[in-house]
Each structure stands twice: as structure tokens, then as C-alpha cells.
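Source file my_file_13.cif; content: mmCIF, C-alpha atoms.
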```
data_run
loop_
_atom_site.label_atom_id
_atom_site.label_comp_id
_atom_site.auth_asym_id
_atom_site.auth_seq_id
_atom_site.Cartn_x
_atom_site.Cartn_y
_atom_site.Cartn_z
CA MET T 1 12.22 -28.69 -18.13
CA VAL T 2 10.80 -26.15 -15.79
CA LEU T 3 9.04 -24.66 -18.77
CA THR T 4 7.38 -27.97 -19.60
CA ALA T 5 6.27 -28.57 -16.05
CA PHE T 6 4.94 -25.06 -15.87
CA SER T 7 3.03 -25.37 -19.16
CA ALA T 8 1.49 -28.57 -17.87
CA ALA T 9 0.50 -26.75 -14.70
CA VAL T 10 -1.16 -24.02 -16.72
CA LEU T 11 -3.09 -26.67 -18.66
CA ILE T 12 -4.31 -28.25 -15.45
CA VAL T 13 -5.40 -24.85 -14.21
CA ALA T 14 -7.13 -24.20 -17.50
CA SER T 15 -9.26 -27.32 -17.09
CA CYS T 16 -10.76 -26.41 -13.73
CA GLY T 17 -13.90 -24.67 -14.93
CA GLY T 18 -15.27 -21.29 -13.89
CA GLU T 19 -12.79 -18.48 -14.36
CA THR T 20 -10.01 -20.55 -15.83
CA THR T 21 -7.27 -18.08 -16.48
CA LEU T 22 -4.99 -16.36 -14.06
CA ALA T 23 -5.59 -12.64 -13.78
CA GLY T 24 -2.03 -11.87 -12.65
CA ILE T 25 1.22 -11.90 -14.59
CA VAL T 26 2.66 -15.35 -15.37
CA ARG T 27 6.36 -15.26 -16.25
CA ASP T 28 7.77 -17.85 -18.60
CA PRO T 29 9.87 -19.60 -17.50
CA ALA T 30 8.72 -19.30 -13.91
CA PRO T 31 11.57 -17.68 -11.93
CA ASP T 32 13.23 -19.94 -9.37
CA VAL T 33 13.43 -18.19 -5.99
CA SER T 34 14.07 -21.31 -3.92
CA GLN T 35 17.63 -20.15 -3.15
CA VAL T 36 16.42 -16.96 -1.47
CA ALA T 37 16.74 -17.36 2.30
CA LEU T 38 16.66 -14.51 4.80
CA PRO T 39 16.47 -14.29 8.60
CA ASP T 40 12.87 -14.67 9.82
CA VAL T 41 12.38 -12.46 12.86
CA ALA T 42 9.15 -14.35 13.57
CA SER T 43 11.35 -17.43 14.31
CA ASP T 44 14.27 -16.02 16.28
CA GLY T 45 16.08 -14.91 13.15
CA GLU T 46 16.47 -18.36 11.63
CA ASP T 47 16.87 -18.31 7.87
CA PHE T 48 13.64 -18.90 5.99
CA ALA T 49 13.80 -20.05 2.37
CA THR T 50 11.09 -18.49 0.23
CA LYS T 51 9.27 -21.56 -0.92
CA ALA T 52 5.93 -22.90 0.19
CA ASP T 53 5.54 -25.79 2.59
CA PRO T 54 4.39 -28.97 0.80
CA GLY T 55 0.79 -28.68 -0.42
CA ARG T 56 0.70 -24.96 0.28
CA LEU T 57 1.31 -21.61 -1.41
CA LEU T 58 3.53 -18.79 -0.18
CA LEU T 59 2.80 -15.12 -0.83
CA VAL T 60 5.94 -12.99 -0.89
CA TYR T 61 5.92 -9.20 -0.59
CA PHE T 62 8.76 -6.68 -0.56
CA GLY T 63 7.58 -3.67 1.46
CA TYR T 64 8.15 -1.54 4.55
CA THR T 65 6.03 -0.57 7.52
CA ASN T 66 6.23 3.20 7.01
CA CYS T 67 4.42 2.75 3.72
CA PRO T 68 0.95 4.22 4.28
CA ASP T 69 -0.59 3.69 0.86
CA ILE T 70 0.69 0.89 -1.36
CA CYS T 71 1.71 -1.79 1.18
CA PRO T 72 -1.38 -1.79 3.43
CA THR T 73 -3.66 -1.61 0.39
CA THR T 74 -2.10 -4.68 -1.20
CA LEU T 75 -1.77 -6.64 2.05
CA ALA T 76 -5.34 -5.83 3.13
CA ASP T 77 -6.66 -6.82 -0.30
CA VAL T 78 -4.88 -10.17 -0.28
CA ARG T 79 -5.98 -10.79 3.31
CA ARG T 80 -9.57 -10.30 2.15
CA SER T 81 -9.08 -12.61 -0.84
CA VAL T 82 -7.65 -15.34 1.41
CA ALA T 83 -10.52 -14.95 3.90
CA ASP T 84 -13.04 -15.23 1.04
CA LEU T 85 -11.44 -18.51 -0.07
CA GLY T 86 -12.69 -20.26 3.07
CA SER T 87 -10.86 -23.51 3.85
CA ASP T 88 -8.64 -23.17 0.75
CA GLY T 89 -7.30 -19.99 2.30
CA GLU T 90 -5.80 -22.03 5.13
CA LYS T 91 -3.23 -23.34 2.64
CA ILE T 92 -1.73 -19.91 2.08
CA ASP T 93 1.15 -18.31 3.97
CA LEU T 94 2.78 -14.89 3.74
CA ALA T 95 6.40 -13.76 3.92
CA MET T 96 7.03 -10.03 4.06
CA ILE T 97 10.56 -8.88 3.26
CA THR T 98 11.41 -5.39 4.47
CA VAL T 99 13.29 -3.11 2.10
CA ASP T 100 13.77 -0.60 4.94
CA PRO T 101 15.53 -2.65 7.67
CA GLU T 102 16.94 0.48 9.32
CA ARG T 103 13.52 1.70 10.44
CA ASP T 104 11.79 -1.67 10.46
CA THR T 105 13.08 -3.16 13.68
CA PRO T 106 12.41 -6.89 14.16
CA GLU T 107 9.56 -6.12 16.61
CA ARG T 108 7.95 -3.59 14.31
CA LEU T 109 8.19 -5.73 11.19
CA ASN T 110 6.91 -8.84 12.94
CA ALA T 111 3.93 -7.06 14.52
CA TYR T 112 3.05 -5.35 11.24
CA ALA T 113 3.20 -8.51 9.10
CA GLN T 114 1.16 -10.49 11.62
CA THR T 115 -1.66 -7.97 11.35
CA PHE T 116 -2.31 -9.34 7.91
CA PHE T 117 -1.41 -13.02 8.44
CA GLU T 118 -1.17 -14.31 11.99
CA THR T 119 1.56 -16.77 11.03
CA ALA T 120 3.46 -14.40 8.73
CA HIS T 121 7.16 -14.81 8.18
CA ALA T 122 8.89 -11.46 8.72
CA LEU T 123 12.14 -11.43 6.77
CA ARG T 124 14.78 -8.86 7.59
CA THR T 125 18.48 -8.54 6.87
CA GLU T 126 20.76 -5.60 7.51
CA ASP T 127 23.14 -6.86 4.83
CA PRO T 128 22.35 -4.81 1.71
CA GLU T 129 23.96 -7.41 -0.55
CA ARG T 130 21.71 -10.20 0.73
CA LEU T 131 18.65 -8.02 0.35
CA THR T 132 19.60 -6.98 -3.16
CA ALA T 133 20.32 -10.58 -4.14
CA ALA T 134 16.89 -11.59 -2.86
CA ALA T 135 15.18 -8.80 -4.75
CA ASP T 136 17.12 -9.65 -7.91
CA ALA T 137 15.97 -13.27 -7.78
CA TYR T 138 12.38 -12.04 -7.80
CA GLY T 139 12.97 -9.23 -10.29
CA ALA T 140 11.94 -6.82 -7.55
CA SER T 141 13.62 -3.47 -7.10
CA PHE T 142 13.85 -0.87 -4.38
CA GLU T 143 15.71 2.31 -3.50
CA VAL T 144 16.04 3.90 -0.07
CA THR T 145 17.36 7.44 -0.29
CA LEU T 146 17.60 10.50 1.90
CA SER T 147 15.90 13.61 0.58
CA LEU T 148 17.47 17.08 0.81
CA ASP T 149 15.60 17.70 4.07
CA ASP T 150 16.73 14.37 5.54
CA VAL T 151 13.49 12.49 5.00
CA ILE T 152 13.92 8.81 4.18
CA GLU T 153 12.30 8.09 0.83
CA VAL T 154 11.57 4.58 -0.29
CA ALA T 155 10.76 3.53 -3.83
CA HIS T 156 9.84 -0.09 -4.47
CA SER T 157 8.37 -2.30 -7.13
CA ALA T 158 5.02 -3.28 -5.76
CA PHE T 159 4.33 -6.83 -6.87
CA LEU T 160 2.92 -9.53 -4.68
CA TYR T 161 4.31 -12.94 -5.67
CA VAL T 162 2.78 -16.39 -5.32
CA VAL T 163 5.43 -19.09 -4.85
CA ASP T 164 4.94 -22.86 -4.88
CA GLU T 165 6.66 -25.57 -2.87
CA SER T 166 9.45 -25.93 -5.43
CA GLY T 167 10.23 -22.25 -5.01
CA HIS T 168 8.95 -21.04 -8.39
CA ILE T 169 6.88 -17.90 -8.93
CA LEU T 170 3.52 -19.09 -10.27
CA VAL T 171 1.98 -15.64 -10.69
CA GLN T 172 2.64 -12.07 -9.61
CA TRP T 173 0.17 -9.26 -9.13
CA PRO T 174 0.94 -5.61 -9.81
CA PHE T 175 -0.34 -2.94 -7.44
CA GLY T 176 -4.01 -2.32 -8.09
CA THR T 177 -4.97 -5.97 -8.65
CA SER T 178 -8.41 -6.40 -7.08
CA SER T 179 -8.97 -8.80 -4.21
CA GLU T 180 -11.45 -10.62 -6.49
CA ASP T 181 -8.71 -11.26 -9.07
CA MET T 182 -6.33 -12.41 -6.33
CA GLU T 183 -9.02 -14.74 -4.98
CA ASN T 184 -9.64 -16.13 -8.47
CA ASP T 185 -5.95 -16.86 -8.99
CA LEU T 186 -5.45 -18.37 -5.55
CA ARG T 187 -8.49 -20.61 -6.01
CA LEU T 188 -7.11 -21.92 -9.31
CA LEU T 189 -3.62 -22.43 -7.87
CA VAL T 190 -4.88 -24.17 -4.73
CA GLU T 191 -6.96 -26.49 -6.92
CA GLU T 192 -3.86 -27.19 -8.95
CA ILE T 193 -1.73 -28.20 -5.97
CA GLY T 194 -4.65 -30.31 -4.73
CA ASP T 195 -4.72 -32.16 -8.06
CA VAL T 196 -1.04 -33.03 -8.10
CA MET N 197 -13.48 55.91 8.16
CA ARG N 198 -16.49 54.29 9.73
CA ARG N 199 -18.15 53.97 6.33
CA MET N 200 -15.01 52.37 5.02
CA THR N 201 -15.10 49.73 7.78
CA VAL N 202 -18.77 49.01 7.18
CA ILE N 203 -18.14 48.55 3.49
CA SER N 204 -15.17 46.29 4.18
CA ILE N 205 -17.26 44.16 6.51
CA ALA N 206 -20.05 44.02 3.95
CA ILE N 207 -17.61 42.90 1.28
CA ALA N 208 -16.14 40.32 3.61
CA ILE N 209 -19.58 38.93 4.43
CA LEU N 210 -20.51 38.88 0.78
CA ALA N 211 -17.25 37.17 -0.16
CA THR N 212 -17.77 34.53 2.50
CA ALA N 213 -21.32 33.94 1.37
CA CYS N 214 -20.23 33.59 -2.24
CA SER N 215 -17.39 31.21 -1.52
CA GLY N 216 -19.71 29.25 0.75
CA ALA N 217 -22.16 28.73 -2.07
CA GLY N 218 -19.59 27.46 -4.54
CA SER N 219 -16.98 25.84 -2.29
CA PRO N 220 -15.55 22.45 -3.13
CA GLU N 221 -17.55 19.65 -1.56
CA VAL N 222 -15.63 16.85 0.12
CA THR N 223 -17.18 13.39 0.43
CA ASP N 224 -16.25 9.80 1.24
CA VAL N 225 -13.36 10.69 3.55
CA TRP N 226 -11.78 7.53 4.98
CA ALA N 227 -8.59 6.00 6.33
CA ARG N 228 -7.66 2.35 6.53
CA THR N 229 -7.47 0.61 9.90
CA SER N 230 -3.79 0.74 10.83
CA ALA N 231 -1.69 -2.40 11.19
CA ASN N 232 0.18 -3.19 14.41
CA MET N 233 3.07 -0.77 14.93
CA GLN N 234 2.15 1.15 11.80
CA GLU N 235 3.25 4.76 12.25
CA ALA N 236 2.09 6.21 8.96
CA GLY N 237 -1.48 6.47 7.73
CA ALA N 238 -3.26 7.58 4.58
CA VAL N 239 -6.58 9.33 4.14
CA TYR N 240 -8.62 9.12 0.95
CA MET N 241 -11.58 11.20 -0.22
CA THR N 242 -13.36 12.73 -3.18
CA ILE N 243 -13.33 16.47 -3.72
CA ASN N 244 -16.06 17.82 -5.97
CA GLY N 245 -14.86 21.11 -7.43
CA GLY N 246 -16.96 24.16 -6.59
CA SER N 247 -18.14 26.90 -8.92
CA ASN N 248 -14.62 28.30 -9.30
CA ASP N 249 -11.25 26.74 -9.97
CA ASP N 250 -9.49 26.25 -6.69
CA SER N 251 -6.47 24.44 -5.22
CA LEU N 252 -5.96 22.39 -2.11
CA ILE N 253 -2.85 23.94 -0.58
CA GLY N 254 -2.62 22.35 2.83
CA VAL N 255 -4.00 19.91 5.36
CA GLU N 256 -3.87 19.69 9.12
CA VAL N 257 -4.71 16.93 11.52
CA ASP N 258 -5.38 17.11 15.23
CA SER N 259 -2.28 16.26 17.26
CA THR N 260 -4.29 13.64 19.16
CA VAL N 261 -4.42 11.65 15.88
CA ALA N 262 -1.02 12.18 14.25
CA ALA N 263 1.97 14.48 14.53
CA ARG N 264 1.32 16.06 11.14
CA ALA N 265 -0.29 15.59 7.77
CA GLU N 266 0.87 16.25 4.21
CA LEU N 267 -0.61 16.10 0.74
CA HIS N 268 1.02 13.19 -1.10
CA GLU N 269 0.91 11.45 -4.40
CA THR N 270 2.08 7.94 -5.19
CA THR N 271 3.74 7.84 -8.58
CA MET N 272 5.77 5.51 -10.75
CA HIS N 273 9.45 6.18 -10.55
CA GLU N 274 12.04 4.75 -12.92
CA GLY N 275 15.09 3.27 -11.24
CA GLU N 276 18.63 3.55 -12.59
CA ASP N 277 18.27 0.16 -14.24
CA GLY N 278 14.98 1.17 -15.89
CA SER N 279 12.84 -0.81 -13.44
CA GLU N 280 9.53 0.70 -12.44
CA MET N 281 8.99 1.45 -8.77
CA MET N 282 6.29 3.20 -6.81
CA MET N 283 7.12 6.03 -4.49
CA MET N 284 5.41 8.83 -2.61
CA SER N 285 6.11 12.50 -3.10
CA PRO N 286 4.79 15.44 -1.09
CA LEU N 287 2.77 17.98 -3.05
CA ALA N 288 2.55 21.72 -2.36
CA SER N 289 -0.89 21.93 -3.93
CA ILE N 290 -3.47 19.91 -5.83
CA ALA N 291 -5.63 21.62 -8.43
CA VAL N 292 -9.38 21.34 -7.86
CA PRO N 293 -10.96 22.53 -11.13
CA ALA N 294 -14.49 23.91 -11.04
CA GLY N 295 -17.06 21.16 -11.37
CA ASP N 296 -14.51 18.33 -11.58
CA ASP N 297 -14.03 15.43 -9.18
CA VAL N 298 -10.56 15.00 -7.72
CA VAL N 299 -10.33 11.50 -6.30
CA PHE N 300 -7.85 10.56 -3.57
CA GLU N 301 -7.44 6.78 -3.72
CA PRO N 302 -4.83 4.06 -3.09
CA GLY N 303 -2.00 4.41 -5.59
CA GLY N 304 -2.76 8.09 -6.28
CA TYR N 305 -3.36 11.14 -4.13
CA HIS N 306 -3.62 10.70 -0.38
CA VAL N 307 -3.24 12.69 2.80
CA MET N 308 -0.31 11.13 4.60
CA LEU N 309 -0.49 11.04 8.39
CA PHE N 310 2.88 10.98 10.14
CA GLN N 311 3.51 9.38 13.53
CA LEU N 312 0.06 8.18 14.39
CA THR N 313 -0.56 8.91 18.05
CA GLU N 314 -2.80 5.87 18.45
CA PRO N 315 -3.81 3.04 16.14
CA LEU N 316 -6.61 3.86 13.72
CA VAL N 317 -9.43 1.57 14.80
CA THR N 318 -12.31 0.57 12.54
CA GLY N 319 -15.34 2.79 13.09
CA ALA N 320 -13.41 5.65 14.72
CA GLU N 321 -13.69 9.15 13.30
CA PHE N 322 -11.33 12.11 13.28
CA THR N 323 -11.21 15.58 11.83
CA LEU N 324 -8.99 16.86 9.05
CA THR N 325 -8.82 20.53 8.12
CA LEU N 326 -8.36 21.10 4.41
CA ASP N 327 -7.00 24.46 3.31
CA PHE N 328 -8.26 25.61 -0.09
CA GLU N 329 -6.53 28.56 -1.69
CA LYS N 330 -9.78 30.42 -2.41
CA ALA N 331 -12.47 28.71 -0.35
CA GLY N 332 -10.37 28.74 2.81
CA ASN N 333 -10.41 26.12 5.55
CA GLN N 334 -12.88 23.30 5.54
CA ALA N 335 -13.13 20.73 8.33
CA VAL N 336 -14.05 17.22 7.23
CA THR N 337 -14.66 14.03 9.18
CA ALA N 338 -12.67 10.95 8.22
CA GLU N 339 -14.02 7.51 9.02
CA VAL N 340 -11.69 4.60 9.76
CA ARG N 341 -12.67 1.60 7.69
CA ASP N 342 -11.64 -2.01 7.86
CA GLY N 343 -8.92 -2.59 5.28
#
```

Could you quickly redo this structure as C-alpha cells?
Amino acid sequence: MVLTAFSAAVLIVASCGGETTLAGIVRDPAPDVSQVALPDVASDGEDFATKADPGRLLLVYFGYTNCPDICPTTLADVRRSVADLGSDGEKIDLAMITVDPERDTPERLNAYAQTFFETAHALRTEDPERLTAAADAYGASFEVTLSLDDVIEVAHSAFLYVVDESGHILVQWPFGTSSEDMENDLRLLVEEIGDV
Amino acid sequence: MRRMTVISIAIAILATACSGAGSPEVTDVWARTSANMQEAGAVYMTINGGSNDDSLIGVEVDSTVAARAELHETTMHEGEDGSEMMMMSPLASIAVPAGDDVVFEPGGYHVMLFQLTEPLVTGAEFTLTLDFEKAGNQAVTAEVRDG
């Protein structure tokens, strides 16, 4: 059922003209992440379910603020792609989920995420089981370990996900996706939700 | 004794001149504007290998910019369940072959800055000192660019 709806969505996207295919990875069937809900430190710790508001798209990223290379590169690139979309970009929100809640205090995570999107949701739980369950729903993975000289080392899958209002992953971008490709995909997906 | 010293000095001058002529050339040194509360930074650059094979064996940053700097590489790491993850590892040295370009870029090599003293603001500049095994220290200017 989901598969059919998703195929139909792809067909609609394909009929839009211009660059008609999504540059990112489309999973089939589209994973359902609507059940993922984590405390949003941008809203007093109230649970936020990772699905877009009606008529909008939600970007979801698993990262951490001590990440100097991968996370700021991806978040700065998607910020640029959203800015280049003009008014369509106003339909896009971001939720950042920290995989390093020990060092990412609520204040730090919130301030960091809002650098990239002023209205960002900053999701943080200190319950490892909740965090792992959230990552599993997305197919994301992470490891936080202590090196021999007591340095915290974080490994994480580095996809940025685009989720629709039903809580399904429409497309995901691996690290290294250009802001032009992100812009292309967002433009197609915003057109699609506008057509529904 | 005196002759010995003179010769040593002459050799030293000559050696410096030679390494100066063929030293690695570092260009396009930049760091991304830091996000709010971001404590870690990364610097990227291109190193054009000199006339001899060399290695980058260290990096230092002024304490007014960050507490310390390290050579890092982002690599793919396979988790216990076979999933692919990205992680950073410190490197003791990075080979700079004669005549080759070694590119530091997002997702690959970078100079990691620990505990930024102040936010990195677009347009600001700061100095990094690169330590090459043969060519010695080289100070380069990094420019902060809008991410």
C-alpha cells in the first residue's frame, strides 16, 4: 500500500519537467519513521515526532556538535540549498538528533542546530535505548567509544533524510551530496506536496 | 675549529636555500564559519608537493584561536553489524610526494582545531604552522569562509 502510494509519488515527481529524477537514495518501500519521537530541547523537552507538518518537509540528521568536518559540511550545504530554493525553502524544517548527548547539553545542541535553521528542532535523549530505537527506524547507526587515551570517539552514518508529513523517508543523501543535488531533490519534493 | 664552524654554517645556509626552492607549496587554506557553541573546527587546504618527497608531521595553531590542532582524516568505519559509519582518526603524518597535490577537503584530510577560543567568523584570518619532516616549519594563513 505504502509502496503503491510511493510509486505514484515518484511518477508525479517524474512529470514535473526539468531535472526530473531524485539525485539522492530512494528506499523502496519508504521507511516509516512516524513512530520516532524524542524530547525537543528547542520546546522545553516536549516529545517531537519526526514527521513533517502538513504541506511541509522535514530534514532529519543524526550528528553531534563536536563534529568538525562531516556535520557542518552537510548542514551548511543543505542550508545553502534551502536558501537557493527561495519561497519553496520556507516549507522545509530541520530536526537534528544528537548521537552524543553526554557532551551535547541541551543549550549547546539547540544553539548549534539553530545556526543552520532558525526554527530547528533539537532532539536529545539520555536514554540509549530510545536513541538506538530511533536510529534503527531510520537505518542510521552510531558508536560512541572512549579511545585508549580517554578521547571520546564518535562514528556515525552520515545520511541526511527527507521525511514527509506521513512520516515516511522520501529520499536520503549520503555525505558528499552537493547542495545543487539537494536543491534539485527538494524542489521536486516540494512541487510534489504542492500538487497533492 | 673555526673552519669547521664556517663550513657547517655554509652547509646550513645551502641546505636552507635548497629546501626553500623545492618546499611544498600550500594554497587555498580555509576553515568554515563555526556554528553557535561549536567547539571543534576543521581547516582545509591544498599542498603541492615540492621537489622532494616529504611528509607533514605536525601542525600548530595559535592559542588565541584554539587550544590545539591535530592532523585528522575522516574515514569509513564498519560497525559490528556491518553498517558503514564515518569517523575521524588522528594521523601522525601525511605523505606529501614530490610534485603531487595532497588535498585536504571535507570527508578526507583536515586539520582539526580543538576548543576554539572564539567563534570562527567569516572573513577572519589566522595562522597555522605546518611542520614538514624535511622542509621544516611553514606558516600559512587560513581564511574563514561562509559555510

Neighbours of point (-7.8, 30.8, -3.2) within 9 Å, using all atoms listed in the file, written as JSON, numbers by chain: {"N": [249, 250, 251, 252, 253, 328, 329, 330, 331, 332]}

Show me, as a count of residues only, every residue of chain T with an atom at most 7 Å from chain N, counting only C-alpha atoms. 19

Would you kindly return, as a list in words, each protein, DNA or RNA residue with an atom no farther than 12 Å from any atom of Glu118 (chain T), considering only C-alpha atoms and excluding same-chain residues fewer than 2 positions away? Ala42, Arg79, Glu90, Ile92, Asp93, Leu94, Ala95, Asn110, Ala111, Tyr112, Ala113, Gln114, Thr115, Phe116, Ala120, His121 and Ala122 of chain T; Ala231 and Asn232 of chain N

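With all atoms listed in the file as the atoms that count, the residue of N:Ala338, N:Ile243, N:Leu326, N:Val292 with the shortest distance to Glu266 (chain N) is N:Leu326.
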
Can you list, as number ranges by chain, the residues that the PyMOL selection byres ((chain T and resi 22) around 10) selects here? T: 10, 13-14, 19-21, 23-26, 170-172, 181-182, 184-189

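Across the structure, CA of Asp77 (chain T) and CA of Asp104 (chain T) are spaced 22.0 Å apart.
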
Take the PyMOL selection byres ((chain T and resi 37) around 8), apply it to the structure above, and return the hits as a list in words.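 Applying the PyMOL selection byres ((chain T and resi 37) around 8) to the structure shown produces Ser34, Gln35, Val36, Leu38, Pro39, Asp47, Phe48, Ala49, Thr50 and Ala134 of chain T.
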
Just to confirm, what's the straight-line distance from CA of Trp226 (chain N) to CA of Glu321 (chain N) in Å (one decimal)?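 So the two atoms, CA of Trp226 (chain N) and CA of Glu321 (chain N), lie 8.7 Å apart.
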
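As for CA of Asp150 (chain T) and CA of Val99 (chain T), they are spaced 18.1 Å apart.
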
Written as number ranges by chain, which residues does the PyMOL selection byres ((chain T and resi 138) around 10) give for the file shown? T: 31-33, 36, 60, 62, 132-137, 139-141, 159, 161, 168-169, 172

Would you mind listing what lies within 7 Å of Gly319 (chain N) as number ranges by chain, with only C-alpha atoms counted and same-chain residues fewer than 4 positions away left out? N: 339-341

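Residue nearest Glu143 (chain T), chosen from T:Gly176, T:Met96, T:Asp164, T:Tyr64 and counting only C-alpha atoms: T:Tyr64.
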
Ala335 (chain N): which residues within 9 Å, counting only C-alpha atoms, same-chain residues fewer than 2 positions away excluded, as a list in words? Thr323, Leu324, Thr325, Leu326, Asp327, Asn333 and Thr337 of chain N

Work out where the centre of an axis-aligned box around every listed atom of region 140-159 of chain T lies and how long its edges are once 5 Å is added on each side; give both in Å to one decimal as JSON.
```
{"center_x": 11.0, "center_y": 5.4, "center_z": -1.0, "size_x": 23.3, "size_y": 34.5, "size_z": 23.1}
```
